[in-house]
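Structure first, then comments.
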Amino acid sequence: MPALSTNEAMNRLAKAVEQAKPTILAEIYAELFPEKPAAASPSAGGIAQHIRNGLEPEEIVDLWNVVFPGNRNVWYDEEDEKIHYNEEALGYAEAD
């Protein structure tokens with residue numbers, strides 16, 4: 001059950017962004033700035049710095065799904081203030 005603090009998650013996202021291909025950078029930029037179209041190719045360094053400057057937990061979860069599409073069940077736990085991912089989804093009990 002992987003869980004990261006929001007700071008750890010932002011650092012992991014920023015490192016991945018710094019190594020991302022230009023096509024992925026455009027998707028990341030669009031996720032971070034949906035109201036602001038990119039005039040040119042977004043800068044990996046600029047996006048990584050924006051991430052390191054701080055994101056809300058909900059923004060981290062949304063961006064995590066773009067940067068790490070192979071990870072599943074990404075969510076923020078307000079009680080322990082951690083980002084969780086790749087956990088088994090809990091099923092609901094069948095009512096008889």
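In the structure tokens, chains take letters A, B, ... by order of appearance, with residues numbered from 1 within each chain and ligands from 1 in the order shown.
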
* Find the residues near Pro69 (chain A): any atom within 12 Å, counting only C-alpha atoms, skip ones fewer than 3 places away on the same chain, and give them as a PyMOL selection string. => chain A and resi 24+27-28+61-66+72-74+85-86

* To do: Give me every strand (DSSP E or B) residue in chain A, going by DSSP on the backbone, as a PyMOL selection string.
  => chain A and resi 3-5+75-77+82-84

For the residues selected in the previous step, produce a file with C-alpha atoms as a PDB file, in the first residue's frame.
```pdb
ATOM      1  CA  ALA A   3       1.547   6.193   0.469  1.00  0.00           C
ATOM      2  CA  LEU A   4       3.466   9.458   0.153  1.00  0.00           C
ATOM      3  CA  SER A   5       3.275  12.811   1.861  1.00  0.00           C
ATOM      4  CA  TRP A  75      -6.452   9.141  -3.810  1.00  0.00           C
ATOM      5  CA  TYR A  76      -5.753  11.574  -0.985  1.00  0.00           C
ATOM      6  CA  ASP A  77      -6.428  10.588   2.623  1.00  0.00           C
ATOM      7  CA  LYS A  82      -0.992  11.172   2.317  1.00  0.00           C
ATOM      8  CA  ILE A  83      -1.387  10.365  -1.346  1.00  0.00           C
ATOM      9  CA  HIS A  84      -2.168   6.667  -1.817  1.00  0.00           C
TER      10      HIS A  84
END
```

* Using only C-alpha atoms, which residues sit within 12 Å of Ala40 (chain A) once same-chain residues fewer than 5 positions away are excluded, as number ranges by chain? -> A: 22, 25-26, 29

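Distance check against Thr6 (chain A) using only C-alpha atoms: of A:Pro57, A:Phe68, A:Gln19, A:Glu78, the minimum falls on A:Pro57.
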
* To do: Run DSSP on the backbone and give me the residues of region 8-94 of chain A it puts in alpha helix (DSSP H), as a ChimeraX atom specification.
  => /A:8-18,22-32,44-52,57-67

* To do: Write out as a PyMOL selection string which residues come within 9 Å of Ile47 (chain A) when counting only C-alpha atoms, dropping same-chain ones fewer than 2 positions away.
  => chain A and resi 14+17-18+25+28-29+32+42-45+49-52

Residues just named, written with all heavy atoms as an mmCIF file, in the first residue's frame:
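The resulting file, result-v7.cif, is shown below:
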```
data_model
loop_
_atom_site.group_PDB
_atom_site.id
_atom_site.type_symbol
_atom_site.label_atom_id
_atom_site.label_comp_id
_atom_site.auth_asym_id
_atom_site.auth_seq_id
_atom_site.Cartn_x
_atom_site.Cartn_y
_atom_site.Cartn_z
ATOM 1 N N ALA A 14 7.612 16.195 -9.950
ATOM 2 C CA ALA A 14 8.532 17.157 -10.561
ATOM 3 C C ALA A 14 9.691 16.440 -11.253
ATOM 4 O O ALA A 14 10.072 16.803 -12.367
ATOM 5 C CB ALA A 14 9.045 18.130 -9.511
ATOM 6 N N VAL A 17 8.450 14.946 -14.455
ATOM 7 C CA VAL A 17 8.192 16.002 -15.443
ATOM 8 C C VAL A 17 9.503 16.440 -16.090
ATOM 9 O O VAL A 17 9.562 16.670 -17.300
ATOM 10 C CB VAL A 17 7.465 17.194 -14.792
ATOM 11 C CG1 VAL A 17 7.518 18.428 -15.670
ATOM 12 C CG2 VAL A 17 6.028 16.817 -14.492
ATOM 13 N N GLU A 18 10.552 16.554 -15.313
ATOM 14 C CA GLU A 18 11.852 16.976 -15.852
ATOM 15 C C GLU A 18 12.374 16.010 -16.908
ATOM 16 O O GLU A 18 13.160 16.397 -17.768
ATOM 17 C CB GLU A 18 12.867 17.117 -14.717
ATOM 18 C CG GLU A 18 12.583 18.298 -13.829
ATOM 19 C CD GLU A 18 13.421 18.347 -12.566
ATOM 20 O OE1 GLU A 18 13.919 17.294 -12.109
ATOM 21 O OE2 GLU A 18 13.564 19.447 -12.019
ATOM 22 N N LEU A 25 4.610 16.568 -21.888
ATOM 23 C CA LEU A 25 4.646 17.887 -21.246
ATOM 24 C C LEU A 25 3.418 18.712 -21.609
ATOM 25 O O LEU A 25 2.869 19.420 -20.773
ATOM 26 C CB LEU A 25 5.913 18.654 -21.647
ATOM 27 C CG LEU A 25 7.217 18.228 -20.973
ATOM 28 C CD1 LEU A 25 8.370 19.031 -21.540
ATOM 29 C CD2 LEU A 25 7.129 18.389 -19.467
ATOM 30 N N ILE A 28 0.595 17.483 -19.483
ATOM 31 C CA ILE A 28 0.794 17.916 -18.099
ATOM 32 C C ILE A 28 0.426 19.391 -17.964
ATOM 33 O O ILE A 28 -0.276 19.784 -17.028
ATOM 34 C CB ILE A 28 2.248 17.655 -17.658
ATOM 35 C CG1 ILE A 28 2.508 16.141 -17.598
ATOM 36 C CG2 ILE A 28 2.546 18.312 -16.325
ATOM 37 C CD1 ILE A 28 3.971 15.758 -17.478
ATOM 38 N N TYR A 29 0.878 20.200 -18.902
ATOM 39 C CA TYR A 29 0.573 21.626 -18.885
ATOM 40 C C TYR A 29 -0.940 21.846 -18.943
ATOM 41 O O TYR A 29 -1.491 22.653 -18.203
ATOM 42 C CB TYR A 29 1.270 22.331 -20.052
ATOM 43 C CG TYR A 29 1.077 23.827 -20.040
ATOM 44 C CD1 TYR A 29 1.985 24.645 -19.385
ATOM 45 C CD2 TYR A 29 -0.015 24.423 -20.666
ATOM 46 C CE1 TYR A 29 1.809 26.025 -19.358
ATOM 47 C CE2 TYR A 29 -0.196 25.785 -20.641
ATOM 48 C CZ TYR A 29 0.721 26.589 -19.984
ATOM 49 O OH TYR A 29 0.539 27.947 -19.946
ATOM 50 N N LEU A 32 -2.509 21.127 -15.592
ATOM 51 C CA LEU A 32 -2.229 22.154 -14.591
ATOM 52 C C LEU A 32 -2.903 23.484 -14.892
ATOM 53 O O LEU A 32 -3.305 24.206 -13.991
ATOM 54 C CB LEU A 32 -0.717 22.375 -14.472
ATOM 55 C CG LEU A 32 0.067 21.281 -13.772
ATOM 56 C CD1 LEU A 32 1.564 21.510 -13.934
ATOM 57 C CD2 LEU A 32 -0.310 21.206 -12.301
ATOM 58 N N PRO A 42 5.760 23.822 -23.746
ATOM 59 C CA PRO A 42 5.987 24.109 -22.334
ATOM 60 C C PRO A 42 7.361 23.637 -21.885
ATOM 61 O O PRO A 42 7.883 22.640 -22.366
ATOM 62 C CB PRO A 42 4.889 23.352 -21.614
ATOM 63 C CG PRO A 42 4.104 22.631 -22.625
ATOM 64 C CD PRO A 42 4.678 22.901 -23.958
ATOM 65 N N SER A 43 7.938 24.356 -20.952
ATOM 66 C CA SER A 43 9.262 24.042 -20.420
ATOM 67 C C SER A 43 9.152 23.039 -19.286
ATOM 68 O O SER A 43 8.402 23.252 -18.323
ATOM 69 C CB SER A 43 9.901 25.340 -19.910
ATOM 70 O OG SER A 43 10.853 25.089 -18.916
ATOM 71 N N ALA A 44 9.920 21.947 -19.380
ATOM 72 C CA ALA A 44 9.922 20.939 -18.320
ATOM 73 C C ALA A 44 10.364 21.550 -17.003
ATOM 74 O O ALA A 44 9.769 21.298 -15.950
ATOM 75 C CB ALA A 44 10.829 19.770 -18.696
ATOM 76 N N GLY A 45 11.397 22.383 -17.049
ATOM 77 C CA GLY A 45 11.898 23.025 -15.833
ATOM 78 C C GLY A 45 10.879 23.951 -15.205
ATOM 79 O O GLY A 45 10.721 23.983 -13.977
ATOM 80 N N GLN A 49 9.137 23.361 -11.581
ATOM 81 C CA GLN A 49 9.223 24.382 -10.538
ATOM 82 C C GLN A 49 7.841 24.747 -10.016
ATOM 83 O O GLN A 49 7.648 24.911 -8.813
ATOM 84 C CB GLN A 49 9.944 25.630 -11.055
ATOM 85 C CG GLN A 49 10.211 26.664 -9.978
ATOM 86 C CD GLN A 49 11.067 26.106 -8.851
ATOM 87 O OE1 GLN A 49 12.089 25.474 -9.085
ATOM 88 N NE2 GLN A 49 10.641 26.314 -7.628
ATOM 89 N N HIS A 50 6.873 24.854 -10.915
ATOM 90 C CA HIS A 50 5.493 25.138 -10.506
ATOM 91 C C HIS A 50 4.988 24.048 -9.548
ATOM 92 O O HIS A 50 4.350 24.347 -8.534
ATOM 93 C CB HIS A 50 4.576 25.244 -11.723
ATOM 94 C CG HIS A 50 3.144 25.440 -11.381
ATOM 95 N ND1 HIS A 50 2.636 26.661 -10.995
ATOM 96 C CD2 HIS A 50 2.106 24.555 -11.332
ATOM 97 C CE1 HIS A 50 1.354 26.524 -10.730
ATOM 98 N NE2 HIS A 50 1.004 25.262 -10.934
ATOM 99 N N ILE A 51 5.273 22.801 -9.869
ATOM 100 C CA ILE A 51 4.852 21.680 -9.022
ATOM 101 C C ILE A 51 5.533 21.766 -7.660
ATOM 102 O O ILE A 51 4.893 21.612 -6.618
ATOM 103 C CB ILE A 51 5.154 20.335 -9.712
ATOM 104 C CG1 ILE A 51 4.265 20.169 -10.950
ATOM 105 C CG2 ILE A 51 4.978 19.166 -8.742
ATOM 106 C CD1 ILE A 51 4.676 19.038 -11.868
ATOM 107 N N ARG A 52 6.831 22.022 -7.662
ATOM 108 C CA ARG A 52 7.581 22.109 -6.397
ATOM 109 C C ARG A 52 7.136 23.287 -5.535
ATOM 110 O O ARG A 52 7.271 23.244 -4.319
ATOM 111 C CB ARG A 52 9.072 22.204 -6.679
ATOM 112 C CG ARG A 52 9.680 20.901 -7.118
ATOM 113 C CD ARG A 52 11.204 20.970 -7.186
ATOM 114 N NE ARG A 52 11.738 19.665 -7.494
ATOM 115 C CZ ARG A 52 12.226 19.310 -8.680
ATOM 116 N NH1 ARG A 52 12.236 20.186 -9.682
ATOM 117 N NH2 ARG A 52 12.700 18.091 -8.875
#
```

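Proximity to Leu55 (chain A) was assessed for A:Gly70, A:Pro2, A:Asn7, A:Lys21 counting only C-alpha atoms; the smallest distance is recorded for A:Asn7.
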